[in-house]
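A.B. asks: This is data_37.cif (mmCIF, N, CA and C atoms).
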```cif
data_data
loop_
_atom_site.group_PDB
_atom_site.id
_atom_site.type_symbol
_atom_site.label_atom_id
_atom_site.label_comp_id
_atom_site.auth_asym_id
_atom_site.auth_seq_id
_atom_site.Cartn_x
_atom_site.Cartn_y
_atom_site.Cartn_z
ATOM 1 N N MET A 1 119.341 83.141 75.003
ATOM 2 C CA MET A 1 120.529 83.441 75.771
ATOM 3 C C MET A 1 120.123 84.082 77.089
ATOM 4 N N GLY A 2 120.726 83.680 78.144
ATOM 5 C CA GLY A 2 120.391 84.239 79.441
ATOM 6 C C GLY A 2 119.342 83.403 80.155
ATOM 7 N N GLY A 3 118.204 83.187 79.503
ATOM 8 C CA GLY A 3 117.146 82.350 80.052
ATOM 9 C C GLY A 3 116.732 82.762 81.445
ATOM 10 N N ILE A 4 116.612 81.789 82.314
ATOM 11 C CA ILE A 4 116.161 82.080 83.676
ATOM 12 C C ILE A 4 117.236 82.724 84.524
ATOM 13 N N TYR A 5 118.484 82.691 84.044
ATOM 14 C CA TYR A 5 119.576 83.276 84.811
ATOM 15 C C TYR A 5 119.826 84.738 84.442
ATOM 16 N N LYS A 6 118.979 85.267 83.594
ATOM 17 C CA LYS A 6 119.133 86.655 83.175
ATOM 18 C C LYS A 6 118.951 87.582 84.374
ATOM 19 N N ARG A 7 119.720 88.646 84.421
ATOM 20 C CA ARG A 7 119.631 89.591 85.532
ATOM 21 C C ARG A 7 118.270 90.268 85.551
ATOM 22 N N LYS A 8 117.845 90.615 86.720
ATOM 23 C CA LYS A 8 116.559 91.287 86.890
ATOM 24 C C LYS A 8 116.622 92.694 86.319
ATOM 25 N N GLY A 9 115.453 93.320 86.232
ATOM 26 C CA GLY A 9 115.381 94.682 85.717
ATOM 27 C C GLY A 9 116.034 95.684 86.640
ATOM 28 N N ASN A 10 115.838 96.902 86.372
ATOM 29 C CA ASN A 10 116.498 97.974 87.090
ATOM 30 C C ASN A 10 115.700 98.437 88.308
ATOM 31 N N SER A 11 114.667 97.699 88.703
ATOM 32 C CA SER A 11 113.804 98.174 89.789
ATOM 33 C C SER A 11 114.530 98.232 91.124
ATOM 34 N N ALA A 12 115.585 97.443 91.292
ATOM 35 C CA ALA A 12 116.331 97.476 92.550
ATOM 36 C C ALA A 12 117.041 98.814 92.733
ATOM 37 N N LYS A 13 117.404 99.463 91.652
ATOM 38 C CA LYS A 13 118.104 100.745 91.716
ATOM 39 C C LYS A 13 117.157 101.929 91.536
ATOM 40 N N ASN A 14 115.928 101.648 91.180
ATOM 41 C CA ASN A 14 114.982 102.692 90.824
ATOM 42 C C ASN A 14 114.402 103.346 92.081
ATOM 43 N N LYS A 15 114.806 104.587 92.375
ATOM 44 C CA LYS A 15 114.340 105.281 93.574
ATOM 45 C C LYS A 15 112.847 105.578 93.510
ATOM 46 N N PHE A 16 112.353 105.863 92.325
ATOM 47 C CA PHE A 16 110.933 106.165 92.178
ATOM 48 C C PHE A 16 110.089 104.952 92.537
ATOM 49 N N HIS A 17 110.530 103.771 92.148
ATOM 50 C CA HIS A 17 109.822 102.530 92.458
ATOM 51 C C HIS A 17 109.721 102.342 93.977
ATOM 52 N N HIS A 18 110.809 102.586 94.688
ATOM 53 C CA HIS A 18 110.800 102.436 96.144
ATOM 54 C C HIS A 18 109.932 103.486 96.818
ATOM 55 N N ARG A 19 109.908 104.702 96.275
ATOM 56 C CA ARG A 19 109.081 105.765 96.838
ATOM 57 C C ARG A 19 107.604 105.401 96.721
ATOM 58 N N ILE A 20 107.216 104.806 95.602
ATOM 59 C CA ILE A 20 105.822 104.399 95.410
ATOM 60 C C ILE A 20 105.445 103.336 96.438
ATOM 61 N N LEU A 21 106.322 102.357 96.635
ATOM 62 C CA LEU A 21 106.030 101.303 97.604
ATOM 63 C C LEU A 21 105.942 101.849 99.022
ATOM 64 N N LYS A 22 106.778 102.851 99.332
ATOM 65 C CA LYS A 22 106.797 103.410 100.672
ATOM 66 C C LYS A 22 105.529 104.199 100.982
ATOM 67 N N THR A 23 105.024 104.945 100.011
ATOM 68 C CA THR A 23 103.872 105.803 100.260
ATOM 69 C C THR A 23 102.541 105.148 99.892
ATOM 70 N N LYS A 24 102.585 103.944 99.332
ATOM 71 C CA LYS A 24 101.351 103.284 98.900
ATOM 72 C C LYS A 24 100.444 102.979 100.090
ATOM 73 N N SER A 25 101.018 102.507 101.180
ATOM 74 C CA SER A 25 100.206 102.144 102.337
ATOM 75 C C SER A 25 100.402 103.133 103.478
ATOM 76 N N TYR A 26 100.518 104.418 103.160
ATOM 77 C CA TYR A 26 100.706 105.448 104.178
ATOM 78 C C TYR A 26 99.460 105.574 105.048
ATOM 79 N N LYS A 27 99.661 105.610 106.335
ATOM 80 C CA LYS A 27 98.561 105.827 107.271
ATOM 81 C C LYS A 27 98.889 107.040 108.125
ATOM 82 N N ARG A 28 97.847 107.695 108.597
ATOM 83 C CA ARG A 28 98.050 108.868 109.437
ATOM 84 C C ARG A 28 98.636 108.440 110.780
ATOM 85 N N ALA A 29 99.504 109.273 111.332
ATOM 86 C CA ALA A 29 100.138 108.999 112.617
ATOM 87 C C ALA A 29 99.144 109.249 113.749
ATOM 88 N N ASN A 30 99.419 108.632 114.901
ATOM 89 C CA ASN A 30 98.498 108.735 116.031
ATOM 90 C C ASN A 30 98.337 110.169 116.530
ATOM 91 N N ASP A 31 99.397 110.985 116.469
ATOM 92 C CA ASP A 31 99.241 112.363 116.923
ATOM 93 C C ASP A 31 98.378 113.177 115.962
ATOM 94 N N GLN A 32 98.402 112.851 114.676
ATOM 95 C CA GLN A 32 97.509 113.509 113.718
ATOM 96 C C GLN A 32 96.063 113.088 113.979
ATOM 97 N N ILE A 33 95.862 111.809 114.250
ATOM 98 C CA ILE A 33 94.519 111.302 114.511
ATOM 99 C C ILE A 33 93.988 111.867 115.820
ATOM 100 N N HIS A 34 94.891 112.090 116.806
ATOM 101 C CA HIS A 34 94.476 112.667 118.092
ATOM 102 C C HIS A 34 93.828 114.037 117.877
ATOM 103 N N ASP A 35 94.364 114.810 116.931
ATOM 104 C CA ASP A 35 93.762 116.098 116.601
ATOM 105 C C ASP A 35 92.426 115.922 115.883
ATOM 106 N N ASP A 36 92.293 114.849 115.113
ATOM 107 C CA ASP A 36 91.058 114.602 114.363
ATOM 108 C C ASP A 36 89.878 114.213 115.249
ATOM 109 N N ILE A 37 90.153 113.615 116.416
ATOM 110 C CA ILE A 37 89.037 113.152 117.244
ATOM 111 C C ILE A 37 88.448 114.250 118.120
ATOM 112 N N LYS A 38 88.957 115.464 118.010
ATOM 113 C CA LYS A 38 88.337 116.594 118.716
ATOM 114 C C LYS A 38 86.958 116.837 118.102
ATOM 115 N N PRO A 39 85.968 117.219 118.926
ATOM 116 C CA PRO A 39 84.577 117.327 118.442
ATOM 117 C C PRO A 39 84.390 118.208 117.209
ATOM 118 N N GLU A 40 85.124 119.308 117.118
ATOM 119 C CA GLU A 40 84.934 120.182 115.955
ATOM 120 C C GLU A 40 85.491 119.553 114.671
ATOM 121 N N ASN A 41 86.489 118.691 114.814
ATOM 122 C CA ASN A 41 87.074 118.049 113.635
ATOM 123 C C ASN A 41 86.345 116.772 113.229
ATOM 124 N N VAL A 42 85.698 116.113 114.187
ATOM 125 C CA VAL A 42 84.978 114.874 113.870
ATOM 126 C C VAL A 42 83.857 115.157 112.878
ATOM 127 N N GLN A 43 83.162 116.257 113.061
ATOM 128 C CA GLN A 43 82.073 116.600 112.141
ATOM 129 C C GLN A 43 82.588 116.794 110.720
ATOM 130 N N LYS A 44 83.775 117.362 110.597
ATOM 131 C CA LYS A 44 84.372 117.565 109.275
ATOM 132 C C LYS A 44 84.638 116.225 108.585
ATOM 133 N N TRP A 45 85.132 115.234 109.357
ATOM 134 C CA TRP A 45 85.438 113.923 108.770
ATOM 135 C C TRP A 45 84.180 113.106 108.504
ATOM 136 N N GLN A 46 83.163 113.260 109.341
ATOM 137 C CA GLN A 46 81.935 112.476 109.166
ATOM 138 C C GLN A 46 81.081 112.987 108.015
ATOM 139 N N ASN A 47 81.079 114.278 107.755
ATOM 140 C CA ASN A 47 80.236 114.874 106.712
ATOM 141 C C ASN A 47 81.088 115.350 105.541
ATOM 142 N N GLN A 48 81.704 114.417 104.858
ATOM 143 C CA GLN A 48 82.552 114.762 103.724
ATOM 144 C C GLN A 48 81.731 114.808 102.445
ATOM 145 N N PRO A 49 82.149 115.636 101.497
ATOM 146 C CA PRO A 49 81.461 115.633 100.194
ATOM 147 C C PRO A 49 81.721 114.317 99.460
ATOM 148 N N ILE A 50 80.856 113.980 98.543
ATOM 149 C CA ILE A 50 80.992 112.728 97.796
ATOM 150 C C ILE A 50 82.230 112.801 96.904
ATOM 151 N N ASP A 51 83.072 111.776 97.017
ATOM 152 C CA ASP A 51 84.306 111.692 96.244
ATOM 153 C C ASP A 51 84.374 110.313 95.598
ATOM 154 N N GLU A 52 84.328 110.266 94.283
ATOM 155 C CA GLU A 52 84.284 108.993 93.563
ATOM 156 C C GLU A 52 85.579 108.206 93.651
ATOM 157 N N THR A 53 86.672 108.839 94.041
ATOM 158 C CA THR A 53 87.951 108.133 94.105
ATOM 159 C C THR A 53 88.132 107.361 95.400
ATOM 160 N N LEU A 54 87.300 107.621 96.401
ATOM 161 C CA LEU A 54 87.426 106.958 97.696
ATOM 162 C C LEU A 54 86.447 105.794 97.815
ATOM 163 N N PRO A 55 86.769 104.794 98.625
ATOM 164 C CA PRO A 55 85.833 103.689 98.843
ATOM 165 C C PRO A 55 84.538 104.190 99.479
ATOM 166 N N GLY A 56 83.417 103.705 99.010
ATOM 167 C CA GLY A 56 82.122 104.124 99.548
ATOM 168 C C GLY A 56 81.826 105.582 99.301
ATOM 169 N N LEU A 57 82.434 106.144 98.272
ATOM 170 C CA LEU A 57 82.274 107.553 97.909
ATOM 171 C C LEU A 57 82.708 108.495 99.031
ATOM 172 N N GLY A 58 83.522 107.995 99.967
ATOM 173 C CA GLY A 58 84.025 108.826 101.055
ATOM 174 C C GLY A 58 83.016 109.079 102.159
ATOM 175 N N GLN A 59 81.930 108.317 102.199
ATOM 176 C CA GLN A 59 80.867 108.561 103.179
ATOM 177 C C GLN A 59 81.016 107.735 104.453
ATOM 178 N N TYR A 60 81.812 106.667 104.420
ATOM 179 C CA TYR A 60 81.959 105.780 105.580
ATOM 180 C C TYR A 60 83.419 105.830 106.026
ATOM 181 N N TYR A 61 83.693 106.661 107.034
ATOM 182 C CA TYR A 61 85.060 106.910 107.484
ATOM 183 C C TYR A 61 85.164 106.660 108.974
ATOM 184 N N CYS A 62 86.161 105.896 109.382
ATOM 185 C CA CYS A 62 86.441 105.667 110.800
ATOM 186 C C CYS A 62 87.510 106.672 111.205
ATOM 187 N N VAL A 63 87.170 107.599 112.079
ATOM 188 C CA VAL A 63 88.075 108.686 112.446
ATOM 189 C C VAL A 63 89.258 108.172 113.249
ATOM 190 N N SER A 64 89.044 107.271 114.193
ATOM 191 C CA SER A 64 90.142 106.826 115.042
ATOM 192 C C SER A 64 91.140 105.939 114.300
ATOM 193 N N CYS A 65 90.714 105.265 113.244
ATOM 194 C CA CYS A 65 91.628 104.417 112.472
ATOM 195 C C CYS A 65 92.078 105.082 111.178
ATOM 196 N N ALA A 66 91.440 106.180 110.800
ATOM 197 C CA ALA A 66 91.749 106.915 109.561
ATOM 198 C C ALA A 66 91.605 106.000 108.346
ATOM 199 N N ARG A 67 90.449 105.319 108.247
ATOM 200 C CA ARG A 67 90.189 104.393 107.135
ATOM 201 C C ARG A 67 88.817 104.647 106.556
ATOM 202 N N TYR A 68 88.722 104.465 105.240
ATOM 203 C CA TYR A 68 87.442 104.549 104.541
ATOM 204 C C TYR A 68 86.904 103.139 104.343
ATOM 205 N N PHE A 69 85.572 103.020 104.352
ATOM 206 C CA PHE A 69 84.930 101.723 104.149
ATOM 207 C C PHE A 69 83.921 101.805 103.015
ATOM 208 N N VAL A 70 83.593 100.646 102.457
ATOM 209 C CA VAL A 70 82.741 100.572 101.273
ATOM 210 C C VAL A 70 81.284 100.842 101.606
ATOM 211 N N ASN A 71 80.804 100.271 102.714
ATOM 212 C CA ASN A 71 79.400 100.462 103.068
ATOM 213 C C ASN A 71 79.234 100.503 104.586
ATOM 214 N N GLU A 72 78.014 100.737 105.014
ATOM 215 C CA GLU A 72 77.733 100.880 106.439
ATOM 216 C C GLU A 72 77.945 99.574 107.200
ATOM 217 N N GLU A 73 77.644 98.469 106.555
ATOM 218 C CA GLU A 73 77.810 97.160 107.197
ATOM 219 C C GLU A 73 79.282 96.894 107.521
ATOM 220 N N SER A 74 80.165 97.213 106.602
ATOM 221 C CA SER A 74 81.589 96.948 106.825
ATOM 222 C C SER A 74 82.168 97.856 107.914
ATOM 223 N N ILE A 75 81.696 99.092 108.011
ATOM 224 C CA ILE A 75 82.215 99.962 109.073
ATOM 225 C C ILE A 75 81.672 99.523 110.432
ATOM 226 N N LYS A 76 80.464 99.009 110.486
ATOM 227 C CA LYS A 76 79.930 98.501 111.757
ATOM 228 C C LYS A 76 80.696 97.265 112.218
ATOM 229 N N LYS A 77 81.049 96.378 111.282
ATOM 230 C CA LYS A 77 81.868 95.214 111.629
ATOM 231 C C LYS A 77 83.227 95.649 112.137
ATOM 232 N N HIS A 78 83.782 96.662 111.490
ATOM 233 C CA HIS A 78 85.089 97.174 111.890
ATOM 234 C C HIS A 78 85.043 97.758 113.301
ATOM 235 N N GLN A 79 83.974 98.466 113.639
ATOM 236 C CA GLN A 79 83.895 99.138 114.935
ATOM 237 C C GLN A 79 83.792 98.171 116.107
ATOM 238 N N ILE A 80 83.407 96.929 115.859
ATOM 239 C CA ILE A 80 83.376 95.953 116.952
ATOM 240 C C ILE A 80 84.604 95.045 116.934
ATOM 241 N N SER A 81 85.534 95.311 116.023
ATOM 242 C CA SER A 81 86.728 94.466 115.917
ATOM 243 C C SER A 81 87.768 94.846 116.973
ATOM 244 N N LYS A 82 88.654 93.906 117.230
ATOM 245 C CA LYS A 82 89.723 94.106 118.197
ATOM 246 C C LYS A 82 90.704 95.180 117.717
ATOM 247 N N GLN A 83 90.975 95.194 116.431
ATOM 248 C CA GLN A 83 91.895 96.166 115.844
ATOM 249 C C GLN A 83 91.406 97.600 116.091
ATOM 250 N N HIS A 84 90.114 97.844 115.890
ATOM 251 C CA HIS A 84 89.554 99.171 116.089
ATOM 252 C C HIS A 84 89.609 99.572 117.564
ATOM 253 N N LYS A 85 89.285 98.649 118.440
ATOM 254 C CA LYS A 85 89.275 98.965 119.867
ATOM 255 C C LYS A 85 90.678 99.308 120.369
ATOM 256 N N LYS A 86 91.700 98.586 119.892
ATOM 257 C CA LYS A 86 93.076 98.895 120.281
ATOM 258 C C LYS A 86 93.501 100.270 119.770
ATOM 259 N N GLN A 87 93.178 100.551 118.521
ATOM 260 C CA GLN A 87 93.541 101.842 117.927
ATOM 261 C C GLN A 87 92.807 102.987 118.629
ATOM 262 N N ASP A 88 91.557 102.758 118.985
ATOM 263 C CA ASP A 88 90.768 103.775 119.677
ATOM 264 C C ASP A 88 91.415 104.123 121.018
ATOM 265 N N LYS A 89 91.901 103.099 121.714
ATOM 266 C CA LYS A 89 92.562 103.321 123.000
ATOM 267 C C LYS A 89 93.883 104.072 122.811
ATOM 268 N N ARG A 90 94.656 103.692 121.780
ATOM 269 C CA ARG A 90 95.933 104.345 121.497
ATOM 270 C C ARG A 90 95.755 105.824 121.162
ATOM 271 N N VAL A 91 94.736 106.133 120.389
ATOM 272 C CA VAL A 91 94.527 107.500 119.919
ATOM 273 C C VAL A 91 94.066 108.417 121.046
ATOM 274 N N LYS A 92 93.347 107.888 122.004
ATOM 275 C CA LYS A 92 92.823 108.717 123.088
ATOM 276 C C LYS A 92 93.898 109.127 124.092
ATOM 277 N N GLU A 93 95.056 108.446 124.074
ATOM 278 C CA GLU A 93 96.156 108.852 124.931
ATOM 279 C C GLU A 93 96.747 110.163 124.415
ATOM 280 N N LYS A 94 97.161 111.017 125.333
ATOM 281 C CA LYS A 94 97.735 112.306 124.936
ATOM 282 C C LYS A 94 99.127 112.062 124.347
ATOM 283 N N PRO A 95 99.389 112.564 123.130
ATOM 284 C CA PRO A 95 100.716 112.355 122.529
ATOM 285 C C PRO A 95 101.786 113.191 123.238
ATOM 286 N N TYR A 96 103.021 112.717 123.164
ATOM 287 C CA TYR A 96 104.133 113.430 123.772
ATOM 288 C C TYR A 96 104.424 114.710 122.994
ATOM 289 N N THR A 97 104.854 115.734 123.713
ATOM 290 C CA THR A 97 105.256 116.985 123.069
ATOM 291 C C THR A 97 106.778 116.958 122.846
ATOM 292 N N HIS A 98 107.276 117.927 122.086
ATOM 293 C CA HIS A 98 108.717 118.001 121.845
ATOM 294 C C HIS A 98 109.468 118.286 123.144
ATOM 295 N N MET A 99 108.873 119.104 123.993
ATOM 296 C CA MET A 99 109.525 119.448 125.257
ATOM 297 C C MET A 99 109.671 118.213 126.145
ATOM 298 N N GLU A 100 108.626 117.386 126.222
ATOM 299 C CA GLU A 100 108.691 116.165 127.017
ATOM 300 C C GLU A 100 109.748 115.209 126.465
ATOM 301 N N ALA A 101 109.855 115.123 125.137
ATOM 302 C CA ALA A 101 110.840 114.245 124.516
ATOM 303 C C ALA A 101 112.260 114.715 124.810
ATOM 304 N N GLU A 102 112.488 116.036 124.785
ATOM 305 C CA GLU A 102 113.814 116.568 125.082
ATOM 306 C C GLU A 102 114.184 116.329 126.540
ATOM 307 N N LEU A 103 113.224 116.494 127.452
ATOM 308 C CA LEU A 103 113.493 116.260 128.869
ATOM 309 C C LEU A 103 113.793 114.792 129.136
ATOM 310 N N ALA A 104 113.122 113.909 128.441
ATOM 311 C CA ALA A 104 113.359 112.484 128.624
ATOM 312 C C ALA A 104 114.731 112.073 128.077
ATOM 313 N N GLY A 105 115.210 112.792 127.073
ATOM 314 C CA GLY A 105 116.498 112.476 126.465
ATOM 315 C C GLY A 105 117.688 112.930 127.280
ATOM 316 N N LYS A 106 117.479 113.822 128.237
ATOM 317 C CA LYS A 106 118.601 114.342 129.058
ATOM 318 C C LYS A 106 118.922 113.459 130.205
#
```
Translate the structure described by the file into structure tokens.

C.D. replies:
Amino acid sequence: MGGIYKRKGNSAKNKFHHRILKTKSYKRANDQIHDDIKPENVQKWQNQPIDETLPGLGQYYCVSCARYFVNEESIKKHQISKQHKKQDKRVKEKPYTHMEAELAGK
């Protein structure tokens, strides 16, 4: 009874299901990354302790893209890619402050 015309499960109404999908591919915002590329913070990101839950044990991290890589070869390929170069340019721009945003809105 019902067969292929049976109604779908409750996932359409399930708020928890949507929250998981929303945060699954979360990436750091450009203003957060702008703070990370300061010289004192870059060392913190480059010399991370070994973490088994991260790709490449957390040792291969691209600061401007906020991504972990599996090995040194893959991060080198990434650093010459068009995607990385665009993100690097975006991150180096000074982010807008709240005051500038309020002045622009008036």

A.B. asks: Tell me, which residues of chain A carry DSSP strand (DSSP E), written as a PDB file with N, CA and C atoms, keeping the file's coordinate frame?

C.D. replies:
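Final output, saved to selection35.pdb:
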```pdb
ATOM      1  N   TYR A  61      83.693 106.661 107.034  1.00  0.00           N
ATOM      2  CA  TYR A  61      85.060 106.910 107.484  1.00  0.00           C
ATOM      3  C   TYR A  61      85.164 106.660 108.974  1.00  0.00           C
ATOM      4  N   CYS A  62      86.161 105.896 109.382  1.00  0.00           N
ATOM      5  CA  CYS A  62      86.441 105.667 110.800  1.00  0.00           C
ATOM      6  C   CYS A  62      87.510 106.672 111.205  1.00  0.00           C
ATOM      7  N   ARG A  67      90.449 105.319 108.247  1.00  0.00           N
ATOM      8  CA  ARG A  67      90.189 104.393 107.135  1.00  0.00           C
ATOM      9  C   ARG A  67      88.817 104.647 106.556  1.00  0.00           C
ATOM     10  N   TYR A  68      88.722 104.465 105.240  1.00  0.00           N
ATOM     11  CA  TYR A  68      87.442 104.549 104.541  1.00  0.00           C
ATOM     12  C   TYR A  68      86.904 103.139 104.343  1.00  0.00           C
TER      13      TYR A  68
END
```

A.B. asks: Applied to this file, what does the PyMOL selection byres ((chain A and resi 24-35) around 7) return in terms of residues, put as a VMD selection string?

C.D. replies: chain A and resid 19 to 23 36 to 38 41 to 42 63 to 66 90 to 92 95

A.B. asks: Taking the file as shown, find all residues satisfying the PyMOL selection byres ((chain A and resi 58) around 8) and write them as number ranges by chain.

C.D. replies: A: 45-57, 59-61, 68-70

A.B. asks: Taking the DSSP secondary structure from the backbone, can you list the residues of range 27-57 of chain A that are helix (DSSP H, G or I), as a list in words?

C.D. replies: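 So the helix (DSSP H, G or I) residues in range 27-57 of chain A would be Asn30, Asp31, Gln32, Ile33, His34, Asp35, Asp36, Pro39, Glu40, Asn41, Val42, Gln43, Lys44, Trp45, Gln46, Pro55, Gly56 and Leu57 of chain A.
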
A.B. asks: What is the distance between atom C of Lys85 in chain A and atom N of Glu73 in chain A, in Å to one decimal?

C.D. replies: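 Straight-line distance from atom C of Lys85 in chain A to atom N of Glu73 in chain A works out to 19.0 Å.
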
A.B. asks: Please report the interatomic distance between atom C of Lys76 in chain A and atom C of Cys62 in chain A in Å with one decimal.

C.D. replies: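 Distance between the two atoms: 11.7 Å.
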
A.B. asks: How would range 57-70 of chain A read, as a compact mmCIF listing (two decimals), in the coordinates of the input, once N, CA, C and O atoms are built in?

C.D. replies:
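Wrote it out as result-v7.txt, contents follow:
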```
# COMPACT_ATOMS: atom_id res chain seq x y z
N LEU A 57 82.43 106.14 98.27
CA LEU A 57 82.27 107.55 97.91
C LEU A 57 82.71 108.50 99.03
O LEU A 57 82.31 109.65 99.09
N GLY A 58 83.52 108.00 99.97
CA GLY A 58 84.02 108.83 101.06
C GLY A 58 83.02 109.08 102.16
O GLY A 58 83.24 109.94 103.00
N GLN A 59 81.93 108.32 102.20
CA GLN A 59 80.87 108.56 103.18
C GLN A 59 81.02 107.74 104.45
O GLN A 59 80.42 108.06 105.47
N TYR A 60 81.81 106.67 104.42
CA TYR A 60 81.96 105.78 105.58
C TYR A 60 83.42 105.83 106.03
O TYR A 60 84.28 105.15 105.48
N TYR A 61 83.69 106.66 107.03
CA TYR A 61 85.06 106.91 107.48
C TYR A 61 85.16 106.66 108.97
O TYR A 61 84.35 107.14 109.76
N CYS A 62 86.16 105.90 109.38
CA CYS A 62 86.44 105.67 110.80
C CYS A 62 87.51 106.67 111.20
O CYS A 62 88.64 106.61 110.73
N VAL A 63 87.17 107.60 112.08
CA VAL A 63 88.08 108.69 112.45
C VAL A 63 89.26 108.17 113.25
O VAL A 63 90.40 108.57 113.00
N SER A 64 89.04 107.27 114.19
CA SER A 64 90.14 106.83 115.04
C SER A 64 91.14 105.94 114.30
O SER A 64 92.31 105.89 114.67
N CYS A 65 90.71 105.26 113.24
CA CYS A 65 91.63 104.42 112.47
C CYS A 65 92.08 105.08 111.18
O CYS A 65 92.99 104.59 110.51
N ALA A 66 91.44 106.18 110.80
CA ALA A 66 91.75 106.92 109.56
C ALA A 66 91.60 106.00 108.35
O ALA A 66 92.50 105.91 107.52
N ARG A 67 90.45 105.32 108.25
CA ARG A 67 90.19 104.39 107.14
C ARG A 67 88.82 104.65 106.56
O ARG A 67 87.87 104.97 107.28
N TYR A 68 88.72 104.46 105.24
CA TYR A 68 87.44 104.55 104.54
C TYR A 68 86.90 103.14 104.34
O TYR A 68 87.67 102.20 104.16
N PHE A 69 85.57 103.02 104.35
CA PHE A 69 84.93 101.72 104.15
C PHE A 69 83.92 101.80 103.02
O PHE A 69 83.44 102.88 102.67
N VAL A 70 83.59 100.65 102.46
CA VAL A 70 82.74 100.57 101.27
C VAL A 70 81.28 100.84 101.61
O VAL A 70 80.59 101.54 100.88
```
